[in-house]
Amino acid sequence: MEIGVLALQGDFIEHYKVLQSLGVAARIVKLPAQLEGLDGLIIPGGESTTIGKLAVAYDLMGPLREFGRQKAIWGTCAGAIFLSKDAQRDQPLLNLMEIEVERNAFGRQVDSFEIDLSVPFLEDGGDVPYHAVFIRAPIISRVFGQAEVLLDLPDGRIVAAQQGKLLATSFHPELTSDARFHQYFLELAA
Ligand code: GLN
């Protein structure tokens, strides 16, 4: 198995390092040809407008959509926005996941926060809380079609969704030492 990390902008190196620490073959992806042969792709957090504009400039939009119709893609934070069908404003989107997102839904940079969540579908998820890091994060404001809610906050706001092999999380699993979300994604990609 080999997993790519889209490296246009954002914290792709952190995802790459988590994959390496799990002993998974990992590949930095900047160009369409580098998608060849991958089993899955992670789109990191960063700035979704920038990631989208660079993907257009590098002719990646079509190849990424094609990839996502067959293979696993996981978008974290800005990556989740980029995967969505609707970000409620005009920016390049992959339109792969039937989710609507609300950007910067928790407020500005100073309103970034961390929270322990119970995530039953992760290994030991019922017993060992998952520490989730939200940095100027979006929420998933609506899930429709084939997409399903995976995780919400205690107040009911949706922060993770799944649609087949496509996964979207509002938070940043690459910024903690807990690799259980990466392991979950590797199972989807396998
Ligand atoms: N605020 C960014 C956006 O809307 C996402 C932030 C992040 O990825 N941590 O694109």
# chains A, B, ... in the order shown; residues from 1 in each chain; ligands from 1

$ residues_near_ligand --ligand "ligand 1" --cutoff "8 Å" --atoms "only C-alpha atoms and all ligand atoms" --output "VMD selection string"
chain A and resid 10 44 to 50 76 to 79 81 103 to 104 134 to 138 170 to 172

$ select_by_dssp --residues "range 43-188 of chain A" --states "alpha helix (DSSP H)" --output "PyMOL selection string"
chain A and resi 48-57+61-70+78-83+180-188

$ write_last_selection --atoms "N, CA, C and O atoms" --output "CSV table (one decimal), in the first residue's frame"
chain,number,residue,atom,x,y,z
A,48,SER,N,-7.9,26.7,2.2
A,48,SER,CA,-8.6,25.9,1.1
A,48,SER,C,-8.6,26.7,-0.2
A,48,SER,O,-8.6,26.1,-1.3
A,49,THR,N,-8.7,28.1,-0.1
A,49,THR,CA,-8.8,28.8,-1.4
A,49,THR,C,-7.4,28.7,-2.1
A,49,THR,O,-7.4,28.5,-3.3
A,50,THR,N,-6.3,28.7,-1.3
A,50,THR,CA,-5.0,28.6,-1.9
A,50,THR,C,-4.8,27.2,-2.5
A,50,THR,O,-4.3,27.1,-3.6
A,51,ILE,N,-5.2,26.2,-1.7
A,51,ILE,CA,-5.0,24.8,-2.2
A,51,ILE,C,-5.8,24.7,-3.6
A,51,ILE,O,-5.3,24.1,-4.5
A,52,GLY,N,-7.0,25.2,-3.6
A,52,GLY,CA,-7.9,25.1,-4.8
A,52,GLY,C,-7.3,25.8,-6.0
A,52,GLY,O,-7.2,25.3,-7.1
A,53,LYS,N,-6.8,27.0,-5.7
A,53,LYS,CA,-6.2,27.8,-6.9
A,53,LYS,C,-5.0,27.1,-7.4
A,53,LYS,O,-4.7,27.1,-8.6
A,54,LEU,N,-4.1,26.6,-6.5
A,54,LEU,CA,-2.9,25.9,-7.0
A,54,LEU,C,-3.3,24.6,-7.7
A,54,LEU,O,-2.6,24.2,-8.7
A,55,ALA,N,-4.3,23.9,-7.2
A,55,ALA,CA,-4.8,22.7,-7.9
A,55,ALA,C,-5.2,23.0,-9.3
A,55,ALA,O,-5.0,22.2,-10.3
A,56,VAL,N,-5.9,24.1,-9.5
A,56,VAL,CA,-6.3,24.6,-10.9
A,56,VAL,C,-5.1,24.9,-11.7
A,56,VAL,O,-4.9,24.4,-12.8
A,57,ALA,N,-4.1,25.6,-11.1
A,57,ALA,CA,-2.9,26.0,-11.8
A,57,ALA,C,-2.1,24.8,-12.3
A,57,ALA,O,-1.4,24.8,-13.3
A,61,MET,N,-7.2,19.3,-10.9
A,61,MET,CA,-8.7,19.2,-10.6
A,61,MET,C,-9.3,17.9,-11.2
A,61,MET,O,-9.9,17.1,-10.5
A,62,GLY,N,-9.1,17.7,-12.5
A,62,GLY,CA,-9.6,16.5,-13.1
A,62,GLY,C,-9.0,15.2,-12.6
A,62,GLY,O,-9.8,14.3,-12.2
A,63,PRO,N,-7.7,15.2,-12.5
A,63,PRO,CA,-7.1,13.9,-12.0
A,63,PRO,C,-7.5,13.6,-10.5
A,63,PRO,O,-7.6,12.5,-10.2
A,64,LEU,N,-7.6,14.7,-9.7
A,64,LEU,CA,-8.0,14.4,-8.3
A,64,LEU,C,-9.5,13.9,-8.3
A,64,LEU,O,-9.8,13.0,-7.5
A,65,ARG,N,-10.3,14.5,-9.1
A,65,ARG,CA,-11.7,14.0,-9.1
A,65,ARG,C,-11.8,12.5,-9.6
A,65,ARG,O,-12.5,11.7,-9.0
A,66,GLU,N,-11.0,12.2,-10.6
A,66,GLU,CA,-11.0,10.9,-11.1
A,66,GLU,C,-10.5,9.9,-10.1
A,66,GLU,O,-11.0,8.8,-9.8
A,67,PHE,N,-9.4,10.3,-9.4
A,67,PHE,CA,-8.8,9.5,-8.3
A,67,PHE,C,-9.9,9.2,-7.2
A,67,PHE,O,-10.0,8.1,-6.8
A,68,GLY,N,-10.6,10.3,-6.8
A,68,GLY,CA,-11.6,10.2,-5.7
A,68,GLY,C,-12.8,9.3,-6.1
A,68,GLY,O,-13.5,8.9,-5.2
A,69,ARG,N,-13.0,9.1,-7.4
A,69,ARG,CA,-14.2,8.3,-7.8
A,69,ARG,C,-13.8,6.8,-7.6
A,69,ARG,O,-14.7,6.0,-7.5
A,70,GLN,N,-12.5,6.5,-7.4
A,70,GLN,CA,-12.1,5.1,-7.3
A,70,GLN,C,-11.4,4.8,-5.9
A,70,GLN,O,-11.5,3.7,-5.4
A,78,ALA,N,-8.8,22.3,5.9
A,78,ALA,CA,-8.9,22.9,4.5
A,78,ALA,C,-9.2,21.8,3.5
A,78,ALA,O,-9.9,22.0,2.5
A,79,GLY,N,-8.5,20.7,3.7
A,79,GLY,CA,-8.7,19.6,2.8
A,79,GLY,C,-10.2,19.1,2.7
A,79,GLY,O,-10.7,18.7,1.7
A,80,ALA,N,-10.8,19.1,3.9
A,80,ALA,CA,-12.3,18.7,3.9
A,80,ALA,C,-13.1,19.7,3.1
A,80,ALA,O,-14.0,19.3,2.4
A,81,ILE,N,-12.7,21.0,3.2
A,81,ILE,CA,-13.5,22.0,2.5
A,81,ILE,C,-13.3,21.8,1.0
A,81,ILE,O,-14.2,21.8,0.2
A,82,PHE,N,-12.0,21.5,0.6
A,82,PHE,CA,-11.7,21.3,-0.8
A,82,PHE,C,-12.5,20.0,-1.4
A,82,PHE,O,-12.8,20.0,-2.6
A,83,LEU,N,-12.7,19.0,-0.5
A,83,LEU,CA,-13.4,17.8,-1.0
A,83,LEU,C,-14.9,18.0,-1.2
A,83,LEU,O,-15.6,17.3,-1.9
A,180,ARG,N,-4.6,7.1,15.5
A,180,ARG,CA,-5.7,6.3,15.3
A,180,ARG,C,-6.6,6.7,14.1
A,180,ARG,O,-7.2,5.9,13.4
A,181,PHE,N,-6.7,8.0,13.9
A,181,PHE,CA,-7.5,8.4,12.7
A,181,PHE,C,-6.8,8.1,11.4
A,181,PHE,O,-7.4,7.7,10.4
A,182,HIS,N,-5.4,8.2,11.4
A,182,HIS,CA,-4.7,7.7,10.2
A,182,HIS,C,-4.9,6.2,10.0
A,182,HIS,O,-5.1,5.8,8.9
A,183,GLN,N,-4.9,5.5,11.1
A,183,GLN,CA,-5.1,4.0,10.9
A,183,GLN,C,-6.5,3.7,10.4
A,183,GLN,O,-6.7,2.9,9.5
A,184,TYR,N,-7.5,4.5,10.8
A,184,TYR,CA,-8.9,4.4,10.3
A,184,TYR,C,-8.9,4.6,8.8
A,184,TYR,O,-9.5,3.9,8.0
A,185,PHE,N,-8.2,5.7,8.3
A,185,PHE,CA,-8.1,6.0,6.9
A,185,PHE,C,-7.4,4.9,6.1
A,185,PHE,O,-7.8,4.5,5.0
A,186,LEU,N,-6.3,4.3,6.7
A,186,LEU,CA,-5.6,3.3,6.0
A,186,LEU,C,-6.5,2.0,5.8
A,186,LEU,O,-6.4,1.4,4.8
A,187,GLU,N,-7.4,1.8,6.7
A,187,GLU,CA,-8.4,0.7,6.5
A,187,GLU,C,-9.3,1.0,5.3
A,187,GLU,O,-9.6,0.1,4.6
A,188,LEU,N,-9.7,2.2,5.2
A,188,LEU,CA,-10.5,2.6,4.0
A,188,LEU,C,-9.8,2.4,2.7
A,188,LEU,O,-10.3,2.0,1.7

$ atom_distance --atom1 "CA of Val159 in chain A" --atom2 "CA of Ala179 in chain A"
17.6 Å

$ select_by_dssp --residues "range 12-106 of chain A" --states "strand (DSSP E)" --output "ChimeraX atom specification"
/A:25-29,40-43,72-76,84-86,97-102

$ atom_distance --atom1 "CA of Gly156 in chain A" --atom2 "CA of Asp124 in chain A"
22.4 Å

$ residues_around --residues "Leu41 in chain A" --least-positions-apart "3" --cutoff "9 Å" --atoms "only C-alpha atoms" --output "ChimeraX atom specification"
/A:2-6,29,35,38,67-68,71-75,189

$ write_last_selection --atoms "N, CA and C atoms" --output "PDB file, in the first residue's frame"
ATOM      1  N   GLU A   2       0.446   2.222  -0.793  1.00  0.00           N
ATOM      2  CA  GLU A   2       1.152   3.499  -0.814  1.00  0.00           C
ATOM      3  C   GLU A   2       0.136   4.647  -0.749  1.00  0.00           C
ATOM      4  N   ILE A   3       0.392   5.602   0.124  1.00  0.00           N
ATOM      5  CA  ILE A   3      -0.522   6.721   0.344  1.00  0.00           C
ATOM      6  C   ILE A   3       0.184   8.024  -0.037  1.00  0.00           C
ATOM      7  N   GLY A   4      -0.517   8.864  -0.785  1.00  0.00           N
ATOM      8  CA  GLY A   4       0.037  10.162  -1.164  1.00  0.00           C
ATOM      9  C   GLY A   4      -0.450  11.257  -0.228  1.00  0.00           C
ATOM     10  N   VAL A   5       0.326  12.317  -0.164  1.00  0.00           N
ATOM     11  CA  VAL A   5      -0.098  13.511   0.573  1.00  0.00           C
ATOM     12  C   VAL A   5      -0.008  14.684  -0.393  1.00  0.00           C
ATOM     13  N   LEU A   6      -1.130  15.338  -0.642  1.00  0.00           N
ATOM     14  CA  LEU A   6      -1.144  16.476  -1.558  1.00  0.00           C
ATOM     15  C   LEU A   6      -0.350  17.618  -0.931  1.00  0.00           C
ATOM     16  N   VAL A  29       2.775  14.496  -3.249  1.00  0.00           N
ATOM     17  CA  VAL A  29       2.121  14.672  -4.549  1.00  0.00           C
ATOM     18  C   VAL A  29       1.971  16.158  -4.855  1.00  0.00           C
ATOM     19  N   LEU A  35      -0.010  10.833  -8.867  1.00  0.00           N
ATOM     20  CA  LEU A  35      -1.139  10.083  -8.299  1.00  0.00           C
ATOM     21  C   LEU A  35      -1.109   8.619  -8.733  1.00  0.00           C
ATOM     22  N   LEU A  38      -1.193   5.109  -6.514  1.00  0.00           N
ATOM     23  CA  LEU A  38      -1.481   5.298  -5.080  1.00  0.00           C
ATOM     24  C   LEU A  38      -2.781   4.598  -4.693  1.00  0.00           C
ATOM     25  N   PHE A  67      -9.402  10.329  -9.379  1.00  0.00           N
ATOM     26  CA  PHE A  67      -8.819   9.519  -8.293  1.00  0.00           C
ATOM     27  C   PHE A  67      -9.878   9.240  -7.222  1.00  0.00           C
ATOM     28  N   GLY A  68     -10.596  10.296  -6.836  1.00  0.00           N
ATOM     29  CA  GLY A  68     -11.571  10.170  -5.744  1.00  0.00           C
ATOM     30  C   GLY A  68     -12.789   9.339  -6.104  1.00  0.00           C
ATOM     31  N   LYS A  71     -10.626   5.760  -5.498  1.00  0.00           N
ATOM     32  CA  LYS A  71      -9.720   5.509  -4.384  1.00  0.00           C
ATOM     33  C   LYS A  71     -10.112   6.344  -3.159  1.00  0.00           C
ATOM     34  N   ALA A  72      -9.423   6.074  -2.071  1.00  0.00           N
ATOM     35  CA  ALA A  72      -9.710   6.770  -0.817  1.00  0.00           C
ATOM     36  C   ALA A  72      -9.053   8.150  -0.801  1.00  0.00           C
ATOM     37  N   ILE A  73      -9.806   9.144  -0.355  1.00  0.00           N
ATOM     38  CA  ILE A  73      -9.224  10.467  -0.101  1.00  0.00           C
ATOM     39  C   ILE A  73      -9.704  10.934   1.272  1.00  0.00           C
ATOM     40  N   TRP A  74      -8.770  11.500   2.028  1.00  0.00           N
ATOM     41  CA  TRP A  74      -9.104  12.066   3.338  1.00  0.00           C
ATOM     42  C   TRP A  74      -8.695  13.537   3.335  1.00  0.00           C
ATOM     43  N   GLY A  75      -9.660  14.400   3.569  1.00  0.00           N
ATOM     44  CA  GLY A  75      -9.374  15.820   3.677  1.00  0.00           C
ATOM     45  C   GLY A  75      -9.471  16.262   5.130  1.00  0.00           C
ATOM     46  N   ALA A 189      -8.489   2.777   2.767  1.00  0.00           N
ATOM     47  CA  ALA A 189      -7.685   2.757   1.544  1.00  0.00           C
ATOM     48  C   ALA A 189      -7.305   1.326   1.145  1.00  0.00           C
TER      49      ALA A 189
END

$ atom_distance --atom1 "CA of Gly107 in chain A" --atom2 "CA of Leu151 in chain A"
20.2 Å

$ decode --residues "range 99-111 of chain A" --atoms "all heavy atoms" --output "mmCIF file, in the first residue's frame"
data_model
loop_
_atom_site.group_PDB
_atom_site.id
_atom_site.type_symbol
_atom_site.label_atom_id
_atom_site.label_comp_id
_atom_site.auth_asym_id
_atom_site.auth_seq_id
_atom_site.Cartn_x
_atom_site.Cartn_y
_atom_site.Cartn_z
ATOM 1 N N ILE A 99 -21.267 16.963 1.024
ATOM 2 C CA ILE A 99 -21.329 17.732 2.275
ATOM 3 C C ILE A 99 -21.265 19.219 1.934
ATOM 4 O O ILE A 99 -20.668 19.618 0.939
ATOM 5 C CB ILE A 99 -20.177 17.384 3.247
ATOM 6 C CG1 ILE A 99 -18.802 17.564 2.575
ATOM 7 C CG2 ILE A 99 -20.315 15.969 3.775
ATOM 8 C CD1 ILE A 99 -17.609 17.401 3.524
ATOM 9 N N GLU A 100 -21.927 20.004 2.795
ATOM 10 C CA GLU A 100 -21.791 21.460 2.742
ATOM 11 C C GLU A 100 -20.979 21.853 3.966
ATOM 12 O O GLU A 100 -21.188 21.309 5.046
ATOM 13 C CB GLU A 100 -23.179 22.096 2.806
ATOM 14 C CG GLU A 100 -23.179 23.608 2.887
ATOM 15 C CD GLU A 100 -24.558 24.117 3.344
ATOM 16 O OE1 GLU A 100 -24.785 24.180 4.567
ATOM 17 O OE2 GLU A 100 -25.389 24.412 2.479
ATOM 18 N N VAL A 101 -20.026 22.770 3.781
ATOM 19 C CA VAL A 101 -19.191 23.190 4.909
ATOM 20 C C VAL A 101 -19.360 24.686 5.154
ATOM 21 O O VAL A 101 -19.717 25.434 4.251
ATOM 22 C CB VAL A 101 -17.695 22.874 4.662
ATOM 23 C CG1 VAL A 101 -17.469 21.375 4.544
ATOM 24 C CG2 VAL A 101 -17.180 23.585 3.422
ATOM 25 N N GLU A 102 -19.093 25.049 6.384
ATOM 26 C CA GLU A 102 -19.082 26.472 6.734
ATOM 27 C C GLU A 102 -17.668 26.798 7.194
ATOM 28 O O GLU A 102 -17.203 26.309 8.231
ATOM 29 C CB GLU A 102 -20.100 26.738 7.849
ATOM 30 C CG GLU A 102 -20.185 28.207 8.224
ATOM 31 C CD GLU A 102 -21.110 28.420 9.418
ATOM 32 O OE1 GLU A 102 -22.007 27.568 9.657
ATOM 33 O OE2 GLU A 102 -20.916 29.408 10.127
ATOM 34 N N ARG A 103 -16.972 27.595 6.403
ATOM 35 C CA ARG A 103 -15.574 27.911 6.718
ATOM 36 C C ARG A 103 -15.479 28.782 7.966
ATOM 37 O O ARG A 103 -16.341 29.609 8.228
ATOM 38 C CB ARG A 103 -14.919 28.622 5.531
ATOM 39 C CG ARG A 103 -14.701 27.716 4.338
ATOM 40 C CD ARG A 103 -14.032 28.462 3.202
ATOM 41 N NE ARG A 103 -12.709 28.947 3.569
ATOM 42 C CZ ARG A 103 -11.941 29.684 2.759
ATOM 43 N NH1 ARG A 103 -12.373 29.996 1.554
ATOM 44 N NH2 ARG A 103 -10.761 30.098 3.152
ATOM 45 N N ASN A 104 -14.389 28.601 8.696
ATOM 46 C CA ASN A 104 -14.085 29.434 9.873
ATOM 47 C C ASN A 104 -15.278 29.527 10.834
ATOM 48 O O ASN A 104 -15.539 30.576 11.422
ATOM 49 C CB ASN A 104 -13.649 30.837 9.427
ATOM 50 C CG ASN A 104 -12.516 30.777 8.402
ATOM 51 O OD1 ASN A 104 -11.663 29.900 8.483
ATOM 52 N ND2 ASN A 104 -12.519 31.672 7.447
ATOM 53 N N ALA A 105 -15.973 28.404 10.992
ATOM 54 C CA ALA A 105 -17.253 28.411 11.708
ATOM 55 C C ALA A 105 -17.112 28.669 13.203
ATOM 56 O O ALA A 105 -18.077 29.027 13.867
ATOM 57 C CB ALA A 105 -17.972 27.084 11.487
ATOM 58 N N PHE A 106 -15.904 28.467 13.732
ATOM 59 C CA PHE A 106 -15.716 28.681 15.178
ATOM 60 C C PHE A 106 -15.150 30.058 15.465
ATOM 61 O O PHE A 106 -14.879 30.398 16.605
ATOM 62 C CB PHE A 106 -14.784 27.604 15.742
ATOM 63 C CG PHE A 106 -15.344 26.217 15.599
ATOM 64 C CD1 PHE A 106 -14.963 25.411 14.538
ATOM 65 C CD2 PHE A 106 -16.263 25.721 16.515
ATOM 66 C CE1 PHE A 106 -15.480 24.136 14.386
ATOM 67 C CE2 PHE A 106 -16.786 24.443 16.370
ATOM 68 C CZ PHE A 106 -16.391 23.653 15.305
ATOM 69 N N GLY A 107 -14.903 30.834 14.429
ATOM 70 C CA GLY A 107 -14.387 32.184 14.625
ATOM 71 C C GLY A 107 -12.984 32.323 14.079
ATOM 72 O O GLY A 107 -12.550 31.553 13.225
ATOM 73 N N ARG A 108 -12.267 33.288 14.615
ATOM 74 C CA ARG A 108 -10.958 33.642 14.086
ATOM 75 C C ARG A 108 -9.860 32.769 14.676
ATOM 76 O O ARG A 108 -10.125 31.889 15.496
ATOM 77 C CB ARG A 108 -10.691 35.119 14.374
ATOM 78 C CG ARG A 108 -11.805 36.016 13.826
ATOM 79 C CD ARG A 108 -11.575 37.456 14.157
ATOM 80 N NE ARG A 108 -10.278 37.893 13.635
ATOM 81 C CZ ARG A 108 -9.779 39.106 13.863
ATOM 82 N NH1 ARG A 108 -10.442 39.976 14.600
ATOM 83 N NH2 ARG A 108 -8.607 39.438 13.370
ATOM 84 N N GLN A 109 -8.626 33.046 14.271
ATOM 85 C CA GLN A 109 -7.481 32.247 14.729
ATOM 86 C C GLN A 109 -7.438 32.114 16.255
ATOM 87 O O GLN A 109 -7.171 31.039 16.786
ATOM 88 C CB GLN A 109 -6.196 32.912 14.214
ATOM 89 C CG GLN A 109 -4.963 32.046 14.292
ATOM 90 C CD GLN A 109 -4.935 30.980 13.212
ATOM 91 O OE1 GLN A 109 -5.769 30.943 12.305
ATOM 92 N NE2 GLN A 109 -3.992 30.080 13.329
ATOM 93 N N VAL A 110 -7.728 33.208 16.970
ATOM 94 C CA VAL A 110 -7.675 33.179 18.443
ATOM 95 C C VAL A 110 -8.752 32.279 19.045
ATOM 96 O O VAL A 110 -8.685 31.934 20.222
ATOM 97 C CB VAL A 110 -7.827 34.590 19.060
ATOM 98 C CG1 VAL A 110 -6.605 35.433 18.767
ATOM 99 C CG2 VAL A 110 -9.088 35.272 18.594
ATOM 100 N N ASP A 111 -9.739 31.910 18.245
ATOM 101 C CA ASP A 111 -10.805 31.030 18.749
ATOM 102 C C ASP A 111 -10.503 29.557 18.482
ATOM 103 O O ASP A 111 -11.359 28.698 18.700
ATOM 104 C CB ASP A 111 -12.137 31.419 18.091
ATOM 105 C CG ASP A 111 -12.502 32.868 18.366
ATOM 106 O OD1 ASP A 111 -12.487 33.245 19.552
ATOM 107 O OD2 ASP A 111 -12.761 33.626 17.416
#
